[in-house]
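Structure, as structure tokens:
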Amino acid sequence: MPANANVAQLQRRIQKAAAKKRKKKLQEPARRAQEAQFAAEHAGWSDAALYGYAKELRRRLGKRMTPAETVGYAYLVKRLGPWDCFMGQIGKELQQERQARASHTAQDMAWGEAHRDDSDQQLLAYLRERLSNFDAVPDEDDIVGGHYLAHRFGGWDEAVRLAGAPGGDGTLP
């Protein structure tokens with residue numbers, strides 16, 4: 001038998017043993033009660049809300065969740081489909097979000113470097129111009145250079161205030 005066939009056979013045996021162990025754990029009375037409680041509490045949720053819940057849970061854990069450690073596994077699979085499919089999709093989305101944040105951070109750092117010698121008045125004029133594109137006060141992530149401006153002026157709220165935006169309700173004139 002070729003080496004690849006042996007590896008594939010071993011992988012199937014490992015997967016089968018893991019599935020058997022998972023099924024046994026999910027059948028324990030305490031776990032069954034937790035699963036039933038999760039299903040009852042989340043029955044009114046949309047599939048999108050359940051997906052968002054699973055995504056946030058994955059984000060907080062910082063790793064792929066296993067069915068055995070995820071209370072609500074059975075209900076999530078029932079509503080969202082095969083575990084590996086939706087967890088794989090969540091993993092891809094989180095990776096894309098991390099890449100976008102890294103790109104934004106690099107862009108923000110480059111902007112700050114390019115404008116570090118600008119006067120406060122020049123920077124506040126830039127911020128006023130950017131704020132004019134929004135109906136409400138945006139987060140510092142929404143403006144290129146926002147993190148630099150927040151650092152330079154002692155916080156995002158202070159930078160926005162100095163640029164002339166009103167405080168309080170978060171709306172812009």
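Lettering and numbering for the structure tokens are positional, with chains as A, B, ... in the shown order, residues counted from 1 in each chain, and ligands counted from 1 in the shown order.
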
inquiry  = What parts of chain A does DSSP call helix (DSSP H, G or I)? I'd like the answer as a PyMOL selection string.
reply    = chain A and resi 3-26+29-42+47-61+67-69+73-80+83-114+120-131+140-142+146-152+156-162

message = With only C-alpha atoms as the counted atoms, please give the residues lying no more than 12 Å from region 153-156 of chain A, apart from itself and same-chain residues fewer than 3 positions off, as a PyMOL selection string.
response = chain A and resi 119-121+123-124+127+137-143+145-150+159-163+165+167

Go ahead and save the picked residues with N, CA and C atoms, as a compact mmCIF listing (two decimals), in the first residue's frame.
# COMPACT_ATOMS: atom_id res chain seq x y z
N SER A 119 1.26 71.66 10.88
CA SER A 119 0.84 72.41 12.06
C SER A 119 -0.49 71.84 12.57
N ASP A 120 -0.80 72.17 13.81
CA ASP A 120 -2.09 71.74 14.37
C ASP A 120 -3.24 72.28 13.53
N GLN A 121 -3.10 73.54 13.07
CA GLN A 121 -4.16 74.14 12.26
C GLN A 121 -4.35 73.37 10.95
N LEU A 123 -3.69 70.19 10.41
CA LEU A 123 -4.28 68.89 10.73
C LEU A 123 -5.76 69.02 11.06
N LEU A 124 -6.12 70.07 11.81
CA LEU A 124 -7.52 70.27 12.15
C LEU A 124 -8.35 70.65 10.93
N LEU A 127 -9.02 67.42 9.25
CA LEU A 127 -10.05 66.67 9.97
C LEU A 127 -11.43 67.28 9.72
N VAL A 137 -20.43 61.86 13.96
CA VAL A 137 -19.00 61.78 14.23
C VAL A 137 -18.53 60.34 13.98
N PRO A 138 -17.59 60.16 13.07
CA PRO A 138 -17.11 58.81 12.79
C PRO A 138 -16.10 58.35 13.84
N ASP A 139 -15.79 57.07 13.79
CA ASP A 139 -14.71 56.55 14.63
C ASP A 139 -13.38 56.95 13.99
N GLU A 140 -12.34 56.94 14.78
CA GLU A 140 -11.02 57.29 14.24
C GLU A 140 -10.58 56.31 13.16
N ASP A 141 -11.12 55.09 13.18
CA ASP A 141 -10.79 54.10 12.14
C ASP A 141 -11.36 54.48 10.78
N ASP A 142 -12.37 55.35 10.78
CA ASP A 142 -13.06 55.70 9.53
C ASP A 142 -12.36 56.80 8.74
N ILE A 143 -11.34 57.39 9.30
CA ILE A 143 -10.63 58.48 8.64
C ILE A 143 -9.15 58.12 8.56
N GLY A 145 -5.56 58.53 8.93
CA GLY A 145 -4.84 59.42 9.83
C GLY A 145 -5.56 59.61 11.16
N GLY A 146 -6.69 58.97 11.33
CA GLY A 146 -7.49 59.15 12.54
C GLY A 146 -6.74 58.79 13.81
N HIS A 147 -6.00 57.70 13.78
CA HIS A 147 -5.24 57.30 14.98
C HIS A 147 -4.11 58.29 15.27
N TYR A 148 -3.47 58.77 14.21
CA TYR A 148 -2.42 59.77 14.40
C TYR A 148 -3.01 61.04 15.00
N LEU A 149 -4.16 61.48 14.47
CA LEU A 149 -4.80 62.69 14.98
C LEU A 149 -5.21 62.52 16.44
N ALA A 150 -5.74 61.35 16.77
CA ALA A 150 -6.13 61.08 18.16
C ALA A 150 -4.92 61.15 19.08
N ALA A 159 -9.73 65.64 19.46
CA ALA A 159 -9.40 66.06 18.09
C ALA A 159 -10.65 66.54 17.37
N VAL A 160 -11.73 65.79 17.51
CA VAL A 160 -12.99 66.17 16.86
C VAL A 160 -13.50 67.49 17.44
N ARG A 161 -13.42 67.64 18.76
CA ARG A 161 -13.87 68.90 19.40
C ARG A 161 -13.04 70.08 18.89
N LEU A 162 -11.72 69.91 18.83
CA LEU A 162 -10.86 71.00 18.37
C LEU A 162 -11.10 71.33 16.89
N ALA A 163 -11.54 70.35 16.14
CA ALA A 163 -11.83 70.58 14.72
C ALA A 163 -13.15 71.34 14.55
N ALA A 165 -16.29 70.17 15.73
CA ALA A 165 -17.51 69.38 15.77
C ALA A 165 -18.13 69.51 17.15
N GLY A 167 -19.99 68.46 20.59
CA GLY A 167 -19.96 67.26 21.43
C GLY A 167 -21.38 66.83 21.74

Set the distance at 12 Å and use only C-alpha atoms: which residues neighbour Ala114 (chain A) once local chain neighbours fewer than 3 positions away are removed? I'd like the list as a PDB file with N, CA, C and O atoms, in the first residue's frame.
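Written file, selection-v6.pdb:
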ATOM      1  N   GLN A 107      -1.485  52.133   6.554  1.00  0.00           N
ATOM      2  CA  GLN A 107      -1.862  53.362   5.848  1.00  0.00           C
ATOM      3  C   GLN A 107      -1.907  54.538   6.832  1.00  0.00           C
ATOM      4  O   GLN A 107      -1.424  55.630   6.536  1.00  0.00           O
ATOM      5  N   ASP A 108      -2.471  54.298   8.016  1.00  0.00           N
ATOM      6  CA  ASP A 108      -2.564  55.333   9.043  1.00  0.00           C
ATOM      7  C   ASP A 108      -1.172  55.767   9.508  1.00  0.00           C
ATOM      8  O   ASP A 108      -0.903  56.959   9.667  1.00  0.00           O
ATOM      9  N   MET A 109      -0.270  54.803   9.701  1.00  0.00           N
ATOM     10  CA  MET A 109       1.095  55.118  10.124  1.00  0.00           C
ATOM     11  C   MET A 109       1.826  55.916   9.052  1.00  0.00           C
ATOM     12  O   MET A 109       2.531  56.883   9.356  1.00  0.00           O
ATOM     13  N   ALA A 110       1.648  55.529   7.796  1.00  0.00           N
ATOM     14  CA  ALA A 110       2.292  56.248   6.697  1.00  0.00           C
ATOM     15  C   ALA A 110       1.754  57.685   6.620  1.00  0.00           C
ATOM     16  O   ALA A 110       2.509  58.635   6.396  1.00  0.00           O
ATOM     17  N   TRP A 111       0.436  57.841   6.817  1.00  0.00           N
ATOM     18  CA  TRP A 111      -0.154  59.175   6.782  1.00  0.00           C
ATOM     19  C   TRP A 111       0.430  60.023   7.917  1.00  0.00           C
ATOM     20  O   TRP A 111       0.801  61.177   7.715  1.00  0.00           O
ATOM     21  N   ASP A 117       5.016  66.866  10.492  1.00  0.00           N
ATOM     22  CA  ASP A 117       5.503  68.239  10.586  1.00  0.00           C
ATOM     23  C   ASP A 117       4.413  69.271  10.282  1.00  0.00           C
ATOM     24  O   ASP A 117       4.677  70.469  10.341  1.00  0.00           O
ATOM     25  N   ASP A 118       3.208  68.809   9.959  1.00  0.00           N
ATOM     26  CA  ASP A 118       2.104  69.740   9.716  1.00  0.00           C
ATOM     27  C   ASP A 118       1.749  70.451  11.014  1.00  0.00           C
ATOM     28  O   ASP A 118       1.884  69.894  12.107  1.00  0.00           O
ATOM     29  N   LEU A 123      -3.686  70.188  10.406  1.00  0.00           N
ATOM     30  CA  LEU A 123      -4.280  68.889  10.725  1.00  0.00           C
ATOM     31  C   LEU A 123      -5.761  69.022  11.064  1.00  0.00           C
ATOM     32  O   LEU A 123      -6.582  68.204  10.636  1.00  0.00           O
ATOM     33  N   VAL A 144      -8.589  58.213   7.367  1.00  0.00           N
ATOM     34  CA  VAL A 144      -7.155  57.966   7.224  1.00  0.00           C
ATOM     35  C   VAL A 144      -6.424  58.996   8.062  1.00  0.00           C
ATOM     36  O   VAL A 144      -6.683  60.191   7.961  1.00  0.00           O
ATOM     37  N   GLY A 145      -5.560  58.531   8.931  1.00  0.00           N
ATOM     38  CA  GLY A 145      -4.842  59.416   9.834  1.00  0.00           C
ATOM     39  C   GLY A 145      -5.558  59.607  11.159  1.00  0.00           C
ATOM     40  O   GLY A 145      -5.073  60.331  12.030  1.00  0.00           O
ATOM     41  N   TYR A 148      -3.472  58.770  14.210  1.00  0.00           N
ATOM     42  CA  TYR A 148      -2.421  59.769  14.396  1.00  0.00           C
ATOM     43  C   TYR A 148      -3.013  61.042  15.001  1.00  0.00           C
ATOM     44  O   TYR A 148      -2.458  61.617  15.937  1.00  0.00           O
TER      45      TYR A 148
END

key: Nearby residues (only C-alpha atoms) at most 12 Å from Val77 (chain A), same-chain spacing under 6 positions excluded, as a PyMOL selection string   = chain A and resi 35+39+47+50-51+54+67+70-71+83-87

Could you turn the residues from that selection into a file that holds N, CA and C atoms, as an mmCIF file, in the first residue's frame?
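And here's again01.cif as it stands now:
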data_model
loop_
_atom_site.group_PDB
_atom_site.id
_atom_site.type_symbol
_atom_site.label_atom_id
_atom_site.label_comp_id
_atom_site.auth_asym_id
_atom_site.auth_seq_id
_atom_site.Cartn_x
_atom_site.Cartn_y
_atom_site.Cartn_z
ATOM 1 N N GLU A 35 -27.281 22.128 25.960
ATOM 2 C CA GLU A 35 -27.666 22.264 24.550
ATOM 3 C C GLU A 35 -29.139 22.633 24.431
ATOM 4 N N ALA A 39 -30.660 26.076 22.861
ATOM 5 C CA ALA A 39 -31.648 26.054 21.774
ATOM 6 C C ALA A 39 -32.892 26.855 22.150
ATOM 7 N N ASP A 47 -30.851 33.333 11.538
ATOM 8 C CA ASP A 47 -29.614 32.626 11.208
ATOM 9 C C ASP A 47 -28.433 33.597 11.179
ATOM 10 N N LEU A 50 -27.311 34.187 14.720
ATOM 11 C CA LEU A 50 -26.578 33.018 15.227
ATOM 12 C C LEU A 50 -25.174 32.966 14.633
ATOM 13 N N TYR A 51 -25.077 33.261 13.355
ATOM 14 C CA TYR A 51 -23.771 33.285 12.691
ATOM 15 C C TYR A 51 -22.885 34.359 13.335
ATOM 16 N N ALA A 54 -21.628 33.101 16.660
ATOM 17 C CA ALA A 54 -20.527 32.142 16.497
ATOM 18 C C ALA A 54 -19.244 32.873 16.092
ATOM 19 N N PRO A 67 -16.432 21.435 18.428
ATOM 20 C CA PRO A 67 -17.819 21.160 18.833
ATOM 21 C C PRO A 67 -17.937 20.824 20.318
ATOM 22 N N THR A 70 -18.059 23.952 22.502
ATOM 23 C CA THR A 70 -19.027 24.973 22.114
ATOM 24 C C THR A 70 -20.432 24.568 22.535
ATOM 25 N N VAL A 71 -20.891 25.179 23.617
ATOM 26 C CA VAL A 71 -22.273 24.946 24.018
ATOM 27 C C VAL A 71 -23.152 25.571 22.942
ATOM 28 N N TRP A 83 -20.744 22.047 10.550
ATOM 29 C CA TRP A 83 -19.822 22.803 11.402
ATOM 30 C C TRP A 83 -18.601 23.294 10.635
ATOM 31 N N ASP A 84 -17.932 22.392 9.933
ATOM 32 C CA ASP A 84 -16.708 22.768 9.225
ATOM 33 C C ASP A 84 -16.973 23.824 8.156
ATOM 34 N N CYS A 85 -18.148 23.801 7.551
ATOM 35 C CA CYS A 85 -18.452 24.786 6.509
ATOM 36 C C CYS A 85 -18.582 26.189 7.090
ATOM 37 N N PHE A 86 -19.465 26.358 8.085
ATOM 38 C CA PHE A 86 -19.646 27.730 8.577
ATOM 39 C C PHE A 86 -18.489 28.189 9.444
ATOM 40 N N MET A 87 -17.823 27.280 10.140
ATOM 41 C CA MET A 87 -16.649 27.701 10.916
ATOM 42 C C MET A 87 -15.492 28.056 9.977
#

remark   = From CA of Asn133 (chain A) to CA of His104 (chain A) the spacing works out at 18.8 Å
